Every structure is written in structure tokens, then in C-alpha cells.
$ cat protein-v8.pdb   # PDB, C-alpha atoms
ATOM      1  CA  MET A  14      18.247  63.120 -12.167
ATOM      2  CA  LYS A  15      16.768  61.007  -9.363
ATOM      3  CA  PHE A  16      13.729  60.305 -11.518
ATOM      4  CA  MET A  17      15.969  58.976 -14.302
ATOM      5  CA  GLN A  18      17.890  56.789 -11.825
ATOM      6  CA  SER A  19      14.608  55.372 -10.516
ATOM      7  CA  ILE A  20      13.467  54.524 -14.040
ATOM      8  CA  LEU A  21      16.809  52.856 -14.867
ATOM      9  CA  LEU A  22      16.751  50.907 -11.610
ATOM     10  CA  SER A  23      13.171  49.740 -12.217
ATOM     11  CA  ALA A  24      13.996  48.767 -15.790
ATOM     12  CA  SER A  25      17.020  46.792 -14.560
ATOM     13  CA  PHE A  26      14.900  44.826 -12.096
ATOM     14  CA  LEU A  27      12.325  44.056 -14.781
ATOM     15  CA  LEU A  28      15.042  42.939 -17.196
ATOM     16  CA  ILE A  29      16.577  40.642 -14.580
ATOM     17  CA  ALA A  30      13.190  39.157 -13.685
ATOM     18  CA  PHE A  31      12.359  38.636 -17.352
ATOM     19  CA  SER A  32      15.710  36.991 -18.141
ATOM     20  CA  VAL A  33      15.386  34.554 -15.205
ATOM     21  CA  SER A  34      11.899  33.459 -16.271
ATOM     22  CA  ALA A  35      12.938  33.299 -19.933
ATOM     23  CA  GLN A  36      15.618  30.698 -19.127
ATOM     24  CA  LEU A  37      12.965  28.007 -18.870
ATOM     25  CA  SER A  38      11.202  26.950 -22.021
ATOM     26  CA  SER A  39       7.470  26.305 -21.839
ATOM     27  CA  LYS A  40       8.279  22.569 -21.961
ATOM     28  CA  ASP A  41      10.631  22.938 -18.974
ATOM     29  CA  ARG A  42       8.075  25.006 -17.040
ATOM     30  CA  LYS A  43       5.479  22.259 -17.640
ATOM     31  CA  MET A  44       7.973  19.634 -16.437
ATOM     32  CA  VAL A  45       8.664  21.627 -13.254
ATOM     33  CA  ASP A  46       4.922  21.984 -12.622
ATOM     34  CA  ASP A  47       4.456  18.223 -13.210
ATOM     35  CA  ALA A  48       7.332  17.488 -10.810
ATOM     36  CA  ARG A  49       5.802  19.680  -8.110
ATOM     37  CA  GLN A  50       2.448  17.951  -8.578
ATOM     38  CA  ALA A  51       4.163  14.542  -8.413
ATOM     39  CA  ARG A  52       5.790  15.617  -5.121
ATOM     40  CA  GLU A  53       2.351  16.275  -3.666
ATOM     41  CA  GLU A  54       1.117  12.898  -4.937
ATOM     42  CA  PHE A  55       4.108  11.126  -3.341
ATOM     43  CA  ILE A  56       3.207  12.795  -0.024
ATOM     44  CA  LYS A  57      -0.479  11.976  -0.463
ATOM     45  CA  ALA A  58       0.373   8.275  -0.989
ATOM     46  CA  ASP A  59       2.694   8.254   2.042
ATOM     47  CA  GLY A  60       2.504  11.228   4.411
ATOM     48  CA  LEU A  61       5.859  10.328   5.946
ATOM     49  CA  MET A  62       7.550  11.258   2.655
ATOM     50  CA  ARG A  63       7.086  14.933   3.550
ATOM     51  CA  ASN A  64       9.995  14.484   5.975
ATOM     52  CA  LEU A  65      12.165  13.029   3.225
ATOM     53  CA  PHE A  66      11.442  15.973   0.928
ATOM     54  CA  ASN A  67      12.067  18.452   3.750
ATOM     55  CA  ASN A  68      15.251  16.823   5.077
ATOM     56  CA  ALA A  69      17.020  15.614   1.931
ATOM     57  CA  TYR A  70      19.948  17.700   0.746
ATOM     58  CA  ALA A  71      18.299  17.706  -2.700
ATOM     59  CA  TYR A  72      15.975  15.591  -4.831
ATOM     60  CA  ALA A  73      15.105  14.898  -8.454
ATOM     61  CA  ILE A  74      11.559  14.087  -9.539
ATOM     62  CA  LEU A  75      10.802  12.415 -12.862
ATOM     63  CA  PRO A  76       7.008  12.645 -13.041
ATOM     64  CA  ASN A  77       6.542  10.579 -16.222
ATOM     65  CA  VAL A  78       8.841   7.663 -16.996
ATOM     66  CA  GLY A  79       7.909   5.256 -19.789
ATOM     67  CA  LYS A  80       9.265   1.719 -19.792
ATOM     68  CA  GLY A  81       8.856  -1.213 -22.140
ATOM     69  CA  GLY A  82      10.546  -4.343 -23.291
ATOM     70  CA  ILE A  83      10.500  -7.749 -24.905
ATOM     71  CA  GLY A  84      13.760  -9.448 -23.936
ATOM     72  CA  ILE A  85      15.615  -6.157 -24.240
ATOM     73  CA  GLY A  86      13.987  -3.196 -22.590
ATOM     74  CA  GLY A  87      14.384   0.456 -22.033
ATOM     75  CA  ALA A  88      12.964   3.375 -20.138
ATOM     76  CA  ALA A  89      13.264   7.120 -20.373
ATOM     77  CA  GLY A  90      11.982  10.104 -18.479
ATOM     78  CA  ASN A  91      12.579  13.767 -17.808
ATOM     79  CA  GLY A  92      12.199  15.746 -14.637
ATOM     80  CA  ALA A  93      13.298  18.572 -12.391
ATOM     81  CA  VAL A  94      15.918  18.829  -9.636
ATOM     82  CA  PHE A  95      15.307  20.736  -6.406
ATOM     83  CA  GLN A  96      17.606  21.824  -3.605
ATOM     84  CA  GLY A  97      16.230  23.422  -0.465
ATOM     85  CA  GLY A  98      12.828  23.528  -2.154
ATOM     86  CA  SER A  99      14.162  25.636  -5.046
ATOM     87  CA  HIS A 100      14.321  24.436  -8.636
ATOM     88  CA  ILE A 101      18.002  24.216  -9.694
ATOM     89  CA  GLY A 102      17.976  22.191 -12.906
ATOM     90  CA  MET A 103      16.497  19.620 -15.239
ATOM     91  CA  ALA A 104      17.169  15.880 -15.316
ATOM     92  CA  LYS A 105      16.966  13.199 -17.986
ATOM     93  CA  MET A 106      17.051   9.467 -17.262
ATOM     94  CA  THR A 107      17.645   6.583 -19.655
ATOM     95  CA  GLN A 108      17.617   2.915 -18.759
ATOM     96  CA  VAL A 109      18.539  -0.268 -20.604
ATOM     97  CA  THR A 110      17.686  -3.756 -19.311
ATOM     98  CA  VAL A 111      18.301  -7.287 -20.551
ATOM     99  CA  GLY A 112      16.543 -10.457 -19.389
ATOM    100  CA  PHE A 113      13.073 -11.898 -19.117
ATOM    101  CA  GLN A 114      10.717  -8.986 -19.629
ATOM    102  CA  TRP A 115       7.560  -8.276 -21.518
ATOM    103  CA  GLY A 116       5.164  -5.357 -21.477
ATOM    104  CA  GLY A 117       5.157  -1.680 -20.788
ATOM    105  CA  GLN A 118       4.396   0.660 -17.944
ATOM    106  CA  ALA A 119       4.526   4.244 -16.811
ATOM    107  CA  TYR A 120       5.808   5.315 -13.422
ATOM    108  CA  ARG A 121       7.123   8.237 -11.401
ATOM    109  CA  GLU A 122      10.522   8.337  -9.796
ATOM    110  CA  VAL A 123      11.977  10.465  -7.030
ATOM    111  CA  ILE A 124      15.654  10.327  -6.128
ATOM    112  CA  PHE A 125      16.708  11.787  -2.784
ATOM    113  CA  PHE A 126      20.310  12.908  -2.300
ATOM    114  CA  GLU A 127      21.612  12.707   1.246
ATOM    115  CA  THR A 128      24.558  15.104   0.881
ATOM    116  CA  LYS A 129      26.156  17.641  -1.432
ATOM    117  CA  ALA A 130      28.608  14.969  -2.651
ATOM    118  CA  GLU A 131      25.809  12.828  -4.133
ATOM    119  CA  LEU A 132      24.128  15.846  -5.703
ATOM    120  CA  ASP A 133      27.465  16.918  -7.199
ATOM    121  CA  ARG A 134      27.961  13.434  -8.641
ATOM    122  CA  PHE A 135      24.492  13.677 -10.192
ATOM    123  CA  LYS A 136      25.166  17.165 -11.558
ATOM    124  CA  GLU A 137      28.422  15.940 -13.118
ATOM    125  CA  ASN A 138      26.481  13.128 -14.868
ATOM    126  CA  ARG A 139      28.443  10.510 -12.932
ATOM    127  CA  LEU A 140      25.483   8.879 -11.154
ATOM    128  CA  GLU A 141      24.457   5.485 -12.486
ATOM    129  CA  LEU A 142      22.046   3.245 -10.616
ATOM    130  CA  SER A 143      21.007  -0.365 -10.788
ATOM    131  CA  ALA A 144      17.594  -0.340 -12.425
ATOM    132  CA  GLN A 145      15.797  -2.623  -9.988
ATOM    133  CA  ALA A 146      18.011  -3.048  -6.952
ATOM    134  CA  SER A 147      17.351   0.103  -4.972
ATOM    135  CA  ALA A 148      13.877   1.377  -5.845
ATOM    136  CA  VAL A 149      11.086   1.260  -3.260
ATOM    137  CA  ALA A 150       7.434   1.154  -4.314
ATOM    138  CA  VAL A 151       5.426   3.984  -2.772
ATOM    139  CA  THR A 152       2.677   2.730  -0.507
ATOM    140  CA  ALA A 153       1.348   4.103   2.760
ATOM    141  CA  GLY A 154       4.193   3.913   5.293
ATOM    142  CA  ALA A 155       6.806   2.640   2.810
ATOM    143  CA  SER A 156       9.147   5.521   3.589
ATOM    144  CA  ALA A 157       9.169   4.822   7.340
ATOM    145  CA  ASN A 158      11.933   2.206   7.074
ATOM    146  CA  ALA A 159      13.611   3.382   3.872
ATOM    147  CA  LYS A 160      17.329   4.088   4.140
ATOM    148  CA  TYR A 161      19.870   5.855   1.974
ATOM    149  CA  LYS A 162      22.151   3.504   0.066
ATOM    150  CA  ASN A 163      25.412   5.115  -1.026
ATOM    151  CA  GLY A 164      23.822   8.488  -0.268
ATOM    152  CA  VAL A 165      20.831   7.967  -2.577
ATOM    153  CA  MET A 166      17.257   6.819  -1.933
ATOM    154  CA  ILE A 167      14.777   6.073  -4.748
ATOM    155  CA  PHE A 168      10.998   5.659  -4.802
ATOM    156  CA  THR A 169       9.010   4.567  -7.873
ATOM    157  CA  PRO A 170       5.221   4.302  -7.844
ATOM    158  CA  ALA A 171       3.611   2.759 -10.942
ATOM    159  CA  LYS A 172       1.136   4.934 -12.812
ATOM    160  CA  GLY A 173      -0.200   2.319 -15.202
ATOM    161  CA  GLY A 174       0.566  -0.533 -17.553
ATOM    162  CA  LEU A 175       1.733  -4.072 -17.005
ATOM    163  CA  MET A 176       5.325  -5.241 -17.026
ATOM    164  CA  TYR A 177       6.674  -8.715 -16.261
ATOM    165  CA  GLU A 178      10.335  -8.454 -15.522
ATOM    166  CA  ALA A 179      13.338 -10.367 -14.222
ATOM    167  CA  SER A 180      16.151  -8.396 -15.759
ATOM    168  CA  ILE A 181      19.384  -6.583 -15.084
ATOM    169  CA  GLY A 182      20.377  -3.153 -16.268
ATOM    170  CA  GLY A 183      21.018   0.343 -15.115
ATOM    171  CA  GLN A 184      19.876   3.930 -15.183
ATOM    172  CA  LYS A 185      22.005   6.796 -16.461
ATOM    173  CA  PHE A 186      21.230  10.437 -15.707
ATOM    174  CA  LYS A 187      22.005  13.768 -17.341
ATOM    175  CA  PHE A 188      21.683  17.048 -15.476
ATOM    176  CA  ARG A 189      21.145  20.447 -17.055
ATOM    177  CA  GLU A 190      21.534  23.496 -14.842
ATOM    178  CA  ILE A 191      19.063  26.334 -15.280
TER     179      ILE A 191
END

$ encode --input "protein-v8.pdb" --output "C-alpha cells"
Amino acid sequence: MKFMQSILLSASFLLIAFSVSAQLSSKDRKMVDDARQAREEFIKADGLMRNLFNNAYAYAILPNVGKGGIGIGGAAGNGAVFQGGSHIGMAKMTQVTVGFQWGGQAYREVIFFETKAELDRFKENRLELSAQASAVAVTAGASANAKYKNGVMIFTPAKGGLMYEASIGGQKFKFREI
């Protein structure tokens, strides 16, 4: 009897472990791995960012955002959301801009949430941000004087490309819980 209970208990644990790992598609797992690697690259570019990652209530990392435009522009990217260092969901960002712009570029983006209220707003797909107003380029020491604005702080280092831009627009986010 005890042997049978042990087998059932072991099988239950294996089933639970398998179902948790099966929730993420291979594409999502790759995105989470890319986000974790991007986190390390943010810290490598500016060592002070480690404190931001450690002290933020939560953060979203979009490791590959593509942007382009001629007069009218757009950007899109996918990423992962972390709270307390644990992966809690997936994020999708879209952006539309209008104005003088020409070219294309790729960049990373990290969004830090100061409190639960901002994370909840993000999770409810109610967070919209000005596309250019609040982002800080990541360079050595850039995070030292960065401040939260309305409970959110954004960093965007360019990965490549060339974009001339004097435009207005905004970013819209969608959150998917895992």
C-alpha cells in the first residue's frame, strides 16, 4: 500500500513539473532566454543597473525590437516579464509614430515598474507610453541619475541600424500570463 502511494505521489510531482514546463512554447522559452541574456548585457553596459533589476517591483525586457519609418513609422517587439527574479508572463509592444523619420533600427528595451500598481496596469494592458519622451539610452553610468516617472522607468540601447527621427507617437503593450 505504501509503495503504491509513493508511486502515485512521484507520478503526481512529475505530472505537475511537466505541465508547468509545457506551458511555455519553444518560442516563448527562447524569448525568456533572450530576455535573461539581455538583462546581463544591460548590466554589462552599466553595472549600476544591477541595483535597478534587484530593487524594482518588476520589469519587462524586450530583447529584440524592430523599428522603421518613412514619415509614418512603427516598431514591434516581444519579451518577458519578471517579478522578484521569476518569470511571470510574456509581453508584446507595438508603436506607431508620425513625423520626420527615415530609416530603421533594432534595439532592446527594459521597463522597470516601481510598484504593484504599475505592474497591474501593465498586466491589464492599460499601460501606454510616449515613444520618445521617457526612454534613456544605456551607457556606462546612465542609470545613476535615472528616476521613475509615473512609476515606470525605461532604458533602450540601440543594437544596430540608423534612424533619423523627430516624431510623436506612443507604445502600447499586451501582457500574457504564463

$ residues_around --input "protein-v8.pdb" --residues "Lys187 of chain A" --least-positions-apart "6" --cutoff "9 Å" --atoms "all atoms listed in the file" --output "PyMOL selection string"
chain A and resi 103-107+135-140

$ resolve_selection --input "protein-v8.pdb" --expression "the PyMOL selection byres ((chain A and resi 74-91) around 8)" --output "PDB file with C-alpha atoms, keeping the file's coordinate frame"
ATOM      1  CA  MET A  44       7.973  19.634 -16.437  1.00  0.00           C
ATOM      2  CA  ASP A  47       4.456  18.223 -13.210  1.00  0.00           C
ATOM      3  CA  ALA A  48       7.332  17.488 -10.810  1.00  0.00           C
ATOM      4  CA  ALA A  51       4.163  14.542  -8.413  1.00  0.00           C
ATOM      5  CA  ARG A  52       5.790  15.617  -5.121  1.00  0.00           C
ATOM      6  CA  TYR A  72      15.975  15.591  -4.831  1.00  0.00           C
ATOM      7  CA  ALA A  73      15.105  14.898  -8.454  1.00  0.00           C
ATOM      8  CA  GLY A  92      12.199  15.746 -14.637  1.00  0.00           C
ATOM      9  CA  ALA A  93      13.298  18.572 -12.391  1.00  0.00           C
ATOM     10  CA  VAL A  94      15.918  18.829  -9.636  1.00  0.00           C
ATOM     11  CA  MET A 103      16.497  19.620 -15.239  1.00  0.00           C
ATOM     12  CA  ALA A 104      17.169  15.880 -15.316  1.00  0.00           C
ATOM     13  CA  LYS A 105      16.966  13.199 -17.986  1.00  0.00           C
ATOM     14  CA  MET A 106      17.051   9.467 -17.262  1.00  0.00           C
ATOM     15  CA  THR A 107      17.645   6.583 -19.655  1.00  0.00           C
ATOM     16  CA  GLN A 108      17.617   2.915 -18.759  1.00  0.00           C
ATOM     17  CA  VAL A 109      18.539  -0.268 -20.604  1.00  0.00           C
ATOM     18  CA  THR A 110      17.686  -3.756 -19.311  1.00  0.00           C
ATOM     19  CA  VAL A 111      18.301  -7.287 -20.551  1.00  0.00           C
ATOM     20  CA  GLY A 112      16.543 -10.457 -19.389  1.00  0.00           C
ATOM     21  CA  PHE A 113      13.073 -11.898 -19.117  1.00  0.00           C
ATOM     22  CA  GLN A 114      10.717  -8.986 -19.629  1.00  0.00           C
ATOM     23  CA  TRP A 115       7.560  -8.276 -21.518  1.00  0.00           C
ATOM     24  CA  GLY A 116       5.164  -5.357 -21.477  1.00  0.00           C
ATOM     25  CA  GLY A 117       5.157  -1.680 -20.788  1.00  0.00           C
ATOM     26  CA  GLN A 118       4.396   0.660 -17.944  1.00  0.00           C
ATOM     27  CA  ALA A 119       4.526   4.244 -16.811  1.00  0.00           C
ATOM     28  CA  TYR A 120       5.808   5.315 -13.422  1.00  0.00           C
ATOM     29  CA  ARG A 121       7.123   8.237 -11.401  1.00  0.00           C
ATOM     30  CA  GLU A 122      10.522   8.337  -9.796  1.00  0.00           C
ATOM     31  CA  VAL A 123      11.977  10.465  -7.030  1.00  0.00           C
ATOM     32  CA  ILE A 124      15.654  10.327  -6.128  1.00  0.00           C
ATOM     33  CA  MET A 176       5.325  -5.241 -17.026  1.00  0.00           C
TER      34      MET A 176
END

$ closest_residue --input "protein-v8.pdb" --among "A:Glu178, A:Phe125, A:Arg189, A:Lys162" --to "Arg63 of chain A" --atoms "all atoms listed in the file"
A:Phe125

$ axis_aligned_box --input "protein-v8.pdb" --around "segment 50-67 of chain A" --padding-each-side "8 Å" --output "AutoDock Vina command-line options"
--center_x 5.8 --center_y 13.4 --center_z -1.3 --size_x 28.6 --size_y 26.2 --size_z 30.6

$ atom_distance --input "protein-v8.pdb" --atom1 "atom CA of Asp46 of chain A" --atom2 "atom CA of Phe95 of chain A"
12.2 Å

$ build_atoms --input "protein-v8.pdb" --residues "segment 67-84 of chain A" --atoms "N, CA and C atoms" --output "PDB file, in the frame of the given file"
ATOM      1  N   ASN A  67      11.605  17.312   2.952  1.00  0.00           N
ATOM      2  CA  ASN A  67      12.067  18.452   3.750  1.00  0.00           C
ATOM      3  C   ASN A  67      13.499  18.291   4.247  1.00  0.00           C
ATOM      4  N   ASN A  68      13.946  17.051   4.465  1.00  0.00           N
ATOM      5  CA  ASN A  68      15.251  16.823   5.077  1.00  0.00           C
ATOM      6  C   ASN A  68      16.343  16.396   4.116  1.00  0.00           C
ATOM      7  N   ALA A  69      16.004  16.011   2.905  1.00  0.00           N
ATOM      8  CA  ALA A  69      17.020  15.614   1.931  1.00  0.00           C
ATOM      9  C   ALA A  69      17.851  16.820   1.530  1.00  0.00           C
ATOM     10  N   TYR A  70      19.110  16.596   1.214  1.00  0.00           N
ATOM     11  CA  TYR A  70      19.948  17.700   0.746  1.00  0.00           C
ATOM     12  C   TYR A  70      19.371  18.250  -0.559  1.00  0.00           C
ATOM     13  N   ALA A  71      18.918  17.337  -1.426  1.00  0.00           N
ATOM     14  CA  ALA A  71      18.299  17.706  -2.700  1.00  0.00           C
ATOM     15  C   ALA A  71      17.507  16.502  -3.191  1.00  0.00           C
ATOM     16  N   TYR A  72      16.696  16.704  -4.233  1.00  0.00           N
ATOM     17  CA  TYR A  72      15.975  15.591  -4.831  1.00  0.00           C
ATOM     18  C   TYR A  72      15.655  15.895  -6.292  1.00  0.00           C
ATOM     19  N   ALA A  73      15.516  14.813  -7.051  1.00  0.00           N
ATOM     20  CA  ALA A  73      15.105  14.898  -8.454  1.00  0.00           C
ATOM     21  C   ALA A  73      13.796  14.145  -8.589  1.00  0.00           C
ATOM     22  N   ILE A  74      12.840  14.744  -9.293  1.00  0.00           N
ATOM     23  CA  ILE A  74      11.559  14.087  -9.539  1.00  0.00           C
ATOM     24  C   ILE A  74      11.367  13.948 -11.035  1.00  0.00           C
ATOM     25  N   LEU A  75      11.141  12.710 -11.473  1.00  0.00           N
ATOM     26  CA  LEU A  75      10.802  12.415 -12.862  1.00  0.00           C
ATOM     27  C   LEU A  75       9.337  12.006 -12.855  1.00  0.00           C
ATOM     28  N   PRO A  76       8.435  12.913 -13.206  1.00  0.00           N
ATOM     29  CA  PRO A  76       7.008  12.645 -13.041  1.00  0.00           C
ATOM     30  C   PRO A  76       6.416  11.672 -14.055  1.00  0.00           C
ATOM     31  N   ASN A  77       7.068  11.473 -15.189  1.00  0.00           N
ATOM     32  CA  ASN A  77       6.542  10.579 -16.222  1.00  0.00           C
ATOM     33  C   ASN A  77       7.679   9.792 -16.857  1.00  0.00           C
ATOM     34  N   VAL A  78       7.837   8.544 -16.418  1.00  0.00           N
ATOM     35  CA  VAL A  78       8.841   7.663 -16.996  1.00  0.00           C
ATOM     36  C   VAL A  78       8.102   6.567 -17.755  1.00  0.00           C
ATOM     37  N   GLY A  79       8.490   6.334 -18.993  1.00  0.00           N
ATOM     38  CA  GLY A  79       7.909   5.256 -19.789  1.00  0.00           C
ATOM     39  C   GLY A  79       8.902   4.130 -19.911  1.00  0.00           C
ATOM     40  N   LYS A  80       8.396   2.892 -19.788  1.00  0.00           N
ATOM     41  CA  LYS A  80       9.265   1.719 -19.792  1.00  0.00           C
ATOM     42  C   LYS A  80       8.609   0.622 -20.608  1.00  0.00           C
ATOM     43  N   GLY A  81       9.395  -0.108 -21.378  1.00  0.00           N
ATOM     44  CA  GLY A  81       8.856  -1.213 -22.140  1.00  0.00           C
ATOM     45  C   GLY A  81       9.951  -2.170 -22.537  1.00  0.00           C
ATOM     46  N   GLY A  82       9.542  -3.396 -22.851  1.00  0.00           N
ATOM     47  CA  GLY A  82      10.546  -4.343 -23.291  1.00  0.00           C
ATOM     48  C   GLY A  82       9.985  -5.695 -23.658  1.00  0.00           C
ATOM     49  N   ILE A  83      10.702  -6.345 -24.554  1.00  0.00           N
ATOM     50  CA  ILE A  83      10.500  -7.749 -24.905  1.00  0.00           C
ATOM     51  C   ILE A  83      11.898  -8.322 -25.025  1.00  0.00           C
ATOM     52  N   GLY A  84      12.387  -8.942 -23.958  1.00  0.00           N
ATOM     53  CA  GLY A  84      13.760  -9.448 -23.936  1.00  0.00           C
ATOM     54  C   GLY A  84      14.753  -8.343 -23.627  1.00  0.00           C
TER      55      GLY A  84
END
